[in-house]
file query.csv (CSV, C-alpha atoms and all ligand atoms)
chain,number,residue,atom,x,y,z
A,28,MET,CA,0.0,0.0,0.0
A,29,GLU,CA,1.6,3.3,-1.1
A,30,VAL,CA,0.8,6.5,0.6
A,31,VAL,CA,-0.2,9.4,-1.7
A,32,ILE,CA,1.4,12.6,-0.6
A,33,ASN,CA,-0.3,15.9,-1.2
A,34,PRO,CA,2.3,17.9,-3.1
A,35,ALA,CA,1.0,21.0,-1.4
A,36,PHE,CA,3.0,19.9,1.6
A,37,ASP,CA,6.5,21.0,0.5
A,38,THR,CA,8.2,19.6,3.6
A,39,MET,CA,7.3,16.2,2.3
A,40,PRO,CA,10.4,14.4,0.9
A,41,THR,CA,9.5,14.0,-2.8
A,42,GLU,CA,12.1,11.3,-3.3
A,43,THR,CA,10.5,9.0,-0.6
A,44,THR,CA,7.7,6.7,-1.1
A,45,TYR,CA,5.9,6.1,2.2
A,46,THR,CA,4.4,2.7,2.8
A,47,TYR,CA,2.4,0.8,5.3
A,48,ASP,CA,3.1,-2.8,6.3
A,49,GLU,CA,0.0,-4.5,4.9
A,50,ALA,CA,0.7,-7.8,6.6
A,51,VAL,CA,0.6,-6.0,10.0
A,52,ILE,CA,-2.4,-3.9,9.2
A,53,LYS,CA,-4.3,-7.1,8.2
A,54,GLY,CA,-3.2,-8.8,11.4
A,55,ARG,CA,-4.1,-6.0,13.8
A,56,LYS,CA,-7.7,-5.4,14.6
A,57,PRO,CA,-8.3,-2.1,16.3
A,58,ASP,CA,-11.4,-1.7,18.5
A,59,TYR,CA,-11.9,1.7,16.9
A,60,PRO,CA,-10.5,2.7,13.4
A,61,ILE,CA,-7.2,4.7,13.5
A,62,HIS,CA,-4.6,5.9,11.1
A,63,PRO,CA,-2.8,3.0,9.4
A,64,LEU,CA,0.6,4.7,10.2
A,65,LEU,CA,-0.1,3.9,13.9
A,66,LEU,CA,-1.3,0.4,13.3
A,67,SER,CA,1.5,-0.7,10.9
A,68,ARG,CA,4.4,0.4,13.1
A,69,THR,CA,6.0,-2.7,14.7
A,70,SER,CA,9.4,-3.6,16.2
A,71,PRO,CA,10.8,-5.9,13.5
A,72,ARG,CA,13.8,-8.0,14.2
A,73,GLU,CA,15.0,-8.6,10.6
A,74,MET,CA,17.6,-6.3,9.2
A,75,THR,CA,19.9,-6.6,6.2
A,76,GLY,CA,23.1,-5.2,7.7
A,77,GLU,CA,23.3,-2.6,4.9
A,78,ASP,CA,24.4,1.0,5.7
A,79,LEU,CA,21.9,3.8,6.1
A,80,SER,CA,22.9,7.1,4.6
A,81,ASP,CA,23.5,10.0,7.0
A,82,LYS,CA,20.6,11.8,5.3
A,83,VAL,CA,18.1,9.1,6.2
A,84,LEU,CA,19.5,8.7,9.7
A,85,MET,CA,19.2,12.4,10.3
A,86,THR,CA,15.7,12.4,8.9
A,87,LEU,CA,14.7,10.0,11.6
A,88,PHE,CA,16.1,12.3,14.3
A,89,GLU,CA,14.4,15.2,12.5
A,90,ALA,CA,11.1,13.4,13.2
A,91,ALA,CA,12.0,13.1,16.9
A,92,ARG,CA,12.8,16.8,16.9
A,93,TRP,CA,9.2,17.8,16.5
A,94,ALA,CA,7.8,15.9,19.5
A,95,PRO,CA,6.0,17.8,22.2
A,96,SER,CA,7.7,18.4,25.5
A,97,PHE,CA,7.1,20.0,28.9
A,98,TYR,CA,8.0,23.7,28.8
A,99,ASN,CA,9.4,22.9,25.3
A,100,GLN,CA,12.5,21.7,27.0
A,101,GLN,CA,13.2,19.0,24.4
A,102,PRO,CA,15.1,16.9,26.9
A,103,TRP,CA,15.9,14.1,24.5
A,104,ARG,CA,19.6,13.4,23.5
A,105,PHE,CA,20.5,10.7,21.0
A,106,LEU,CA,24.0,9.2,21.0
A,107,TYR,CA,24.6,7.0,18.0
A,108,ALA,CA,27.0,4.8,16.1
A,109,LYS,CA,26.9,3.6,12.6
A,110,ARG,CA,28.1,0.1,11.8
A,111,ASN,CA,31.6,-0.1,10.3
A,112,THR,CA,32.7,2.9,12.2
A,113,GLU,CA,35.2,3.4,15.1
A,114,HIS,CA,32.2,4.0,17.4
A,115,TRP,CA,30.4,0.8,16.8
A,116,ASP,CA,32.0,-1.5,19.3
A,117,LYS,CA,31.3,1.0,22.2
A,118,PHE,CA,27.5,0.7,21.5
A,119,HIS,CA,27.4,-2.9,20.3
A,120,ASP,CA,29.2,-4.1,23.5
A,121,LEU,CA,26.4,-2.7,25.7
A,122,VAL,CA,23.7,-4.9,24.2
A,123,TRP,CA,22.6,-8.1,25.9
A,124,PRO,CA,23.4,-11.2,23.9
A,125,LEU,CA,19.7,-12.1,23.6
A,126,ASN,CA,19.2,-8.8,21.7
A,127,LEU,CA,22.4,-9.2,19.7
A,128,GLN,CA,20.9,-12.4,18.2
A,129,TRP,CA,18.7,-10.2,16.1
A,130,CYS,CA,20.2,-6.7,16.1
A,131,GLU,CA,23.7,-7.6,15.0
A,132,PRO,CA,22.9,-6.5,11.5
A,133,ALA,CA,21.6,-3.1,12.5
A,134,SER,CA,22.8,-0.1,10.5
A,135,ALA,CA,22.9,2.1,13.6
A,136,LEU,CA,22.7,1.7,17.4
A,137,VAL,CA,21.4,4.6,19.5
A,138,VAL,CA,21.6,5.3,23.2
A,139,VAL,CA,18.6,7.5,24.2
A,140,VAL,CA,19.4,9.9,27.0
A,141,SER,CA,17.0,12.4,28.6
A,142,HIS,CA,18.0,15.5,30.5
A,143,ARG,CA,16.5,15.5,34.0
A,144,LEU,CA,16.7,19.2,34.8
A,145,PHE,CA,15.4,22.5,33.5
A,146,PHE,CA,15.4,26.2,34.2
A,147,MET,CA,12.2,28.2,34.6
A,148,LYS,CA,12.1,31.1,32.1
A,149,GLY,CA,13.7,34.2,33.5
A,150,ASP,CA,15.7,32.4,36.2
A,151,ASN,CA,18.9,30.8,35.0
A,152,THR,CA,20.2,30.4,38.5
A,153,LYS,CA,18.3,27.4,39.8
A,154,GLU,CA,17.9,24.1,38.0
A,155,LEU,CA,14.7,22.2,38.8
A,156,PRO,CA,13.8,18.6,38.2
A,157,ASN,CA,11.9,18.1,34.9
A,158,PRO,CA,9.1,15.8,35.8
A,159,THR,CA,8.5,14.6,32.3
A,160,HIS,CA,12.0,14.1,30.9
A,161,SER,CA,11.5,10.5,30.1
A,162,PHE,CA,7.9,10.9,29.0
A,163,ASP,CA,8.9,13.6,26.5
A,164,THR,CA,11.8,11.5,25.3
A,165,GLY,CA,9.5,8.6,24.8
A,166,ALA,CA,7.3,10.8,22.6
A,167,ALA,CA,10.4,11.7,20.5
A,168,CYS,CA,11.2,8.1,20.1
A,169,MET,CA,7.7,7.3,19.0
A,170,ALA,CA,7.9,10.1,16.3
A,171,LEU,CA,11.3,8.6,15.2
A,172,ALA,CA,9.7,5.1,15.1
A,173,LEU,CA,6.7,6.3,13.0
A,174,GLU,CA,8.9,8.1,10.5
A,175,ALA,CA,11.1,5.0,10.2
A,176,SER,CA,8.1,2.7,9.9
A,177,ALA,CA,6.6,4.8,7.1
A,178,ARG,CA,9.9,4.5,5.3
A,179,ASP,CA,9.9,0.7,5.8
A,180,LEU,CA,12.9,0.9,8.1
A,181,VAL,CA,13.4,-1.0,11.4
A,182,VAL,CA,13.3,0.9,14.6
A,183,HIS,CA,13.4,-1.4,17.6
A,184,CYS,CA,13.7,-0.1,21.2
A,185,MET,CA,15.8,-2.1,23.6
A,186,ALA,CA,15.9,-2.1,27.4
A,187,GLY,CA,18.0,-5.2,27.2
A,188,PHE,CA,21.5,-3.7,27.6
A,189,ASP,CA,23.9,-2.9,30.3
A,190,TYR,CA,22.7,0.5,31.7
A,191,GLU,CA,25.4,0.8,34.3
A,192,LYS,CA,28.1,0.3,31.7
A,193,ALA,CA,26.4,2.8,29.4
A,194,TYR,CA,26.5,5.5,32.1
A,195,GLU,CA,30.2,4.8,32.5
A,196,VAL,CA,31.2,4.5,28.8
A,197,PHE,CA,29.5,7.7,27.9
A,198,GLY,CA,30.3,9.6,31.1
A,199,VAL,CA,26.7,10.4,31.8
A,200,ASP,CA,26.1,12.0,35.2
A,201,LYS,CA,23.1,10.1,36.6
A,202,ALA,CA,22.0,13.2,38.7
A,203,ARG,CA,21.6,15.3,35.5
A,204,ASP,CA,20.8,12.8,32.8
A,205,SER,CA,18.9,9.5,32.5
A,206,ILE,CA,19.9,6.8,30.1
A,207,ASP,CA,16.4,5.6,29.0
A,208,CYS,CA,16.8,3.0,26.3
A,209,MET,CA,18.7,1.9,23.2
A,210,ILE,CA,17.4,1.7,19.7
A,211,ALA,CA,18.5,-0.6,16.8
A,212,ILE,CA,17.9,1.0,13.4
A,213,GLY,CA,18.2,-0.8,10.2
A,214,LYS,CA,17.0,-1.7,6.7
A,215,ARG,CA,14.3,-4.3,6.4
A,216,PRO,CA,14.8,-7.1,3.9
A,217,ALA,CA,12.8,-7.0,0.7
A,218,LEU,CA,9.2,-8.2,1.2
A,219,SER,CA,10.0,-11.5,-0.6
A,220,ASP,CA,12.9,-12.2,1.8
A,221,ARG,CA,11.1,-11.6,5.1
A,222,SER,CA,10.2,-14.4,7.3
A,223,THR,CA,6.7,-15.6,6.4
A,224,GLU,CA,5.4,-15.0,9.9
A,225,THR,CA,5.1,-11.3,10.7
A,226,ARG,CA,5.4,-10.9,14.5
A,227,ILE,CA,2.3,-9.0,15.6
A,228,ALA,CA,2.4,-8.3,19.3
A,229,PRO,CA,-1.2,-8.2,20.7
A,230,ARG,CA,-2.6,-5.4,22.8
A,231,HIS,CA,-5.1,-5.1,25.6
A,232,PRO,CA,-8.5,-3.8,24.7
A,233,VAL,CA,-9.0,0.0,25.3
A,234,ASP,CA,-11.3,-0.6,28.2
A,235,ARG,CA,-8.5,-2.4,30.1
A,236,PHE,CA,-6.5,0.8,30.5
A,237,VAL,CA,-8.9,3.7,30.2
A,238,PHE,CA,-11.0,4.7,33.2
A,239,GLU,CA,-13.8,7.3,33.1
A,240,GLY,CA,-13.7,9.3,36.3
A,241,GLY,CA,-10.7,7.5,37.9
A,242,PHE,CA,-9.9,4.0,39.1
A,243,GLU,CA,-12.8,2.2,40.6
A,244,VAL,CA,-12.4,0.9,44.2
A,245,ASN,CA,-10.4,-2.4,44.0
A,246,ASN,CA,-9.4,-1.7,40.5
A,247,ASN,CA,-6.1,0.1,41.0
A,248,VAL,CA,-3.0,0.4,38.9
A,249,GLU,CA,-1.4,-2.8,40.2
A,250,LYS,CA,-4.5,-4.9,39.5
A,251,THR,CA,-4.6,-3.7,35.9
A,252,ALA,CA,-0.9,-4.2,35.4
A,253,ASN,CA,0.2,-6.3,32.5
A,254,ASN,CA,1.8,-9.7,33.1
A,255,GLU,CA,1.0,-11.1,29.7
A,256,ASN,CA,3.2,-10.6,26.7
B,301,LIG,C1,11.4,0.9,26.1
B,301,LIG,C2,11.3,-0.4,25.3
B,301,LIG,C3,12.2,-1.4,25.6
B,301,LIG,C4,12.2,-2.6,24.8
B,301,LIG,N1,13.2,-3.5,25.0
B,301,LIG,C5,13.2,-4.6,24.2
B,301,LIG,C6,14.3,-5.5,24.2
B,301,LIG,O1,15.3,-5.3,25.0
B,301,LIG,N2,14.4,-6.5,23.3
B,301,LIG,C7,13.4,-6.7,22.4
B,301,LIG,O2,13.5,-7.7,21.6
B,301,LIG,N3,12.3,-5.9,22.3
B,301,LIG,C8,12.2,-4.8,23.2
B,301,LIG,N4,11.2,-3.9,23.0
B,301,LIG,C9,10.1,-4.1,22.0
B,301,LIG,C10,8.8,-4.5,22.6
B,301,LIG,O3,8.9,-5.9,23.0
B,301,LIG,C11,7.7,-4.3,21.6
B,301,LIG,O4,7.6,-2.9,21.4
B,301,LIG,C12,6.4,-4.8,22.1
B,301,LIG,O5,6.4,-6.2,22.2
B,301,LIG,C13,5.2,-4.4,21.2
B,301,LIG,O6,5.5,-4.8,19.9
B,301,LIG,P1,5.5,-3.8,18.6
B,301,LIG,O7,6.5,-2.7,18.9
B,301,LIG,O8,5.9,-4.7,17.5
B,301,LIG,O9,4.1,-3.3,18.5
B,301,LIG,C14,11.2,-2.8,23.8
B,301,LIG,C15,10.3,-1.7,23.6
B,301,LIG,C16,10.3,-0.5,24.3
B,301,LIG,C17,9.3,0.6,24.1
call {"tool": "encode", "arguments": {"input": "query.csv", "output": "structure tokens"}}
result
Amino acid sequence: MEVVINPAFDTMPTETTYTYDEAVIKGRKPDYPIHPLLLSRTSPREMTGEDLSDKVLMTLFEAARWAPSFYNQQPWRFLYAKRNTEHWDKFHDLVWPLNLQWCEPASALVVVVSHRLFFMKGDNTKELPNPTHSFDTGAACMALALEASARDLVVHCMAGFDYEKAYEVFGVDKARDSIDCMIAIGKRPALSDRSTETRIAPRHPVDRFVFEGGFEVNNNVEKTANNEN
């Protein structure tokens, strides 16, 4: 399925054809109809090992750039390494072996950092804790993931890596910055070369996590927590 782009939007990359993953769209049944871009984003594990151009990589970070954030603080920071560069091993060696089984052929590995502090406008003397640094950075990651998905690229978040080592390797001061996650970015194989089974992670129904008026008595956050995968 090819997305038709309105040429009136001159920020749209004319050289890019946006696509949706039809196999995923067919396999996901929303309770309420939503935009196919949201439905077709997945976290694929198949990558070709090919390089991504700097332009494409920066385009993904550009998507992240436009995420909303508290006080417009834009607390996200992305450290990255492209494969076949001097930086690769530093990033690669953080990743747990279970994740390396599939993300070895990534084109880029990213460490996502969020800045914990902010200044109120007009007062640059006192830094305050930013209550939404990770929340905003998650939103930026989602924007990046959606742009990548529409370009038929892999964006796969990973918590399965050595956080402590990452703080050390990158000299990140825990009091000021939080290492939130890693991301594997890569090229997907051609449609004909993909594994026949598209992994479609299920979701809870909307009424499992949305509560009009607040939690009911005996229906608190813990009781609605997810232990299924
Ligand atoms: C913060 C975060 C950390 C994750 N960590 C891992 C990971 O370490 N390894 C992995 O294979 N998938 C990881 N995932 C991917 C999730 O398993 C995946 O998003 C979830 O199963 C839903 O599937 P979908 O993204 O294809 O819709 C992570 C996702 C997020 C958002």
call {"tool": "closest_atom_pairs", "arguments": {"input": "query.csv", "of": "chain A", "to": "ligand LIG 301 (chain B)", "cutoff": "10 Å", "atoms": "all atoms listed in the file", "output": "tab-separated table"}}
result
residue	atom	partner	partner_atom	distance
A:Val51	CA	B:LIG301	O8	9.3
A:Arg55	CA	B:LIG301	O9	9.8
A:Leu65	CA	B:LIG301	O9	9.5
A:Leu66	CA	B:LIG301	O9	8.4
A:Ser67	CA	B:LIG301	O9	8.4
A:Arg68	CA	B:LIG301	O9	6.6
A:Thr69	CA	B:LIG301	O8	3.4
A:Ser70	CA	B:LIG301	O8	3.9
A:Pro71	CA	B:LIG301	O8	6.4
A:Arg72	CA	B:LIG301	O2	7.4
A:Val122	CA	B:LIG301	O1	8.4
A:Trp123	CA	B:LIG301	O1	7.9
A:Leu125	CA	B:LIG301	N2	7.7
A:Asn126	CA	B:LIG301	N2	5.6
A:Leu127	CA	B:LIG301	N2	9.2
A:Gln128	CA	B:LIG301	O2	9.4
A:Trp129	CA	B:LIG301	O2	8.0
A:Cys130	CA	B:LIG301	O2	8.7
A:Val139	CA	B:LIG301	C1	10.0
A:Gly165	CA	B:LIG301	C17	8.0
A:Cys168	CA	B:LIG301	C17	8.7
A:Met169	CA	B:LIG301	C17	8.6
A:Ala172	CA	B:LIG301	O7	9.2
A:Val182	CA	B:LIG301	O7	8.8
A:His183	CA	B:LIG301	C9	6.1
A:Cys184	CA	B:LIG301	C15	4.5
A:Met185	CA	B:LIG301	N1	3.3
A:Ala186	CA	B:LIG301	N1	3.9
A:Gly187	CA	B:LIG301	O1	3.5
A:Phe188	CA	B:LIG301	O1	6.9
A:Asp207	CA	B:LIG301	C1	7.4
A:Cys208	CA	B:LIG301	C1	5.8
A:Met209	CA	B:LIG301	C3	7.7
A:Ile210	CA	B:LIG301	C3	8.5
A:Ala211	CA	B:LIG301	N2	9.7
A:Thr225	CA	B:LIG301	O8	9.5
A:Arg226	CA	B:LIG301	O8	6.9
A:Ile227	CA	B:LIG301	O8	5.9
A:Ala228	CA	B:LIG301	O6	4.7
A:Pro229	CA	B:LIG301	C13	7.5
A:Arg230	CA	B:LIG301	C13	8.0
A:Asn256	CA	B:LIG301	O5	7.1
call {"tool": "closest_residue", "arguments": {"input": "query.csv", "among": "A:Arg203, A:Arg178, A:His114, A:His160", "to": "A:Thr44", "atoms": "all atoms listed in the file"}}
result
A:Arg178
call {"tool": "atom_distance", "arguments": {"input": "query.csv", "atom1": "atom CA of A:Lys214", "atom2": "atom CA of A:Asp78"}}
result
7.9 Å
call {"tool": "residues_around", "arguments": {"input": "query.csv", "residues": "A:Thr164", "least_positions_apart": "6", "cutoff": "7 Å", "atoms": "all atoms listed in the file", "output": "VMD selection string"}}
result
chain A and resid 102 to 103 141
call {"tool": "closest_residue", "arguments": {"input": "query.csv", "among": "A:Thr46, A:Thr86, A:Thr75, A:Ser96", "to": "A:Arg110", "atoms": "only C-alpha atoms"}}
result
A:Thr75
call {"tool": "closest_residue", "arguments": {"input": "query.csv", "among": "A:Ala175, A:Met147, A:Ala193, A:Leu121", "to": "A:Val83", "atoms": "all atoms listed in the file"}}
result
A:Ala175
call {"tool": "atom_distance", "arguments": {"input": "query.csv", "atom1": "atom CA of A:Ile52", "atom2": "atom CA of A:Ala94"}}
result
24.5 Å
call {"tool": "closest_residue", "arguments": {"input": "query.csv", "among": "A:Pro95, A:Gly198, A:Lys109, A:Arg221", "to": "A:Phe162", "atoms": "only C-alpha atoms"}}
result
A:Pro95
call {"tool": "residues_around", "arguments": {"input": "query.csv", "residues": "A:Ala170", "least_positions_apart": "5", "cutoff": "8 Å", "atoms": "all atoms listed in the file", "output": "count of residues only"}}
result
4
call {"tool": "atom_distance", "arguments": {"input": "query.csv", "atom1": "atom CA of A:Tyr107", "atom2": "atom CA of A:Phe146"}}
result
26.8 Å
call {"tool": "closest_residue", "arguments": {"input": "query.csv", "among": "A:Gly213, A:Pro124, A:Pro158, A:Pro63", "to": "A:Asp179", "atoms": "only C-alpha atoms"}}
result
A:Gly213
call {"tool": "closest_residue", "arguments": {"input": "query.csv", "among": "A:Gln101, A:Ala135, A:Glu113, A:Glu174", "to": "A:Asn157", "atoms": "all atoms listed in the file"}}
result
A:Gln101
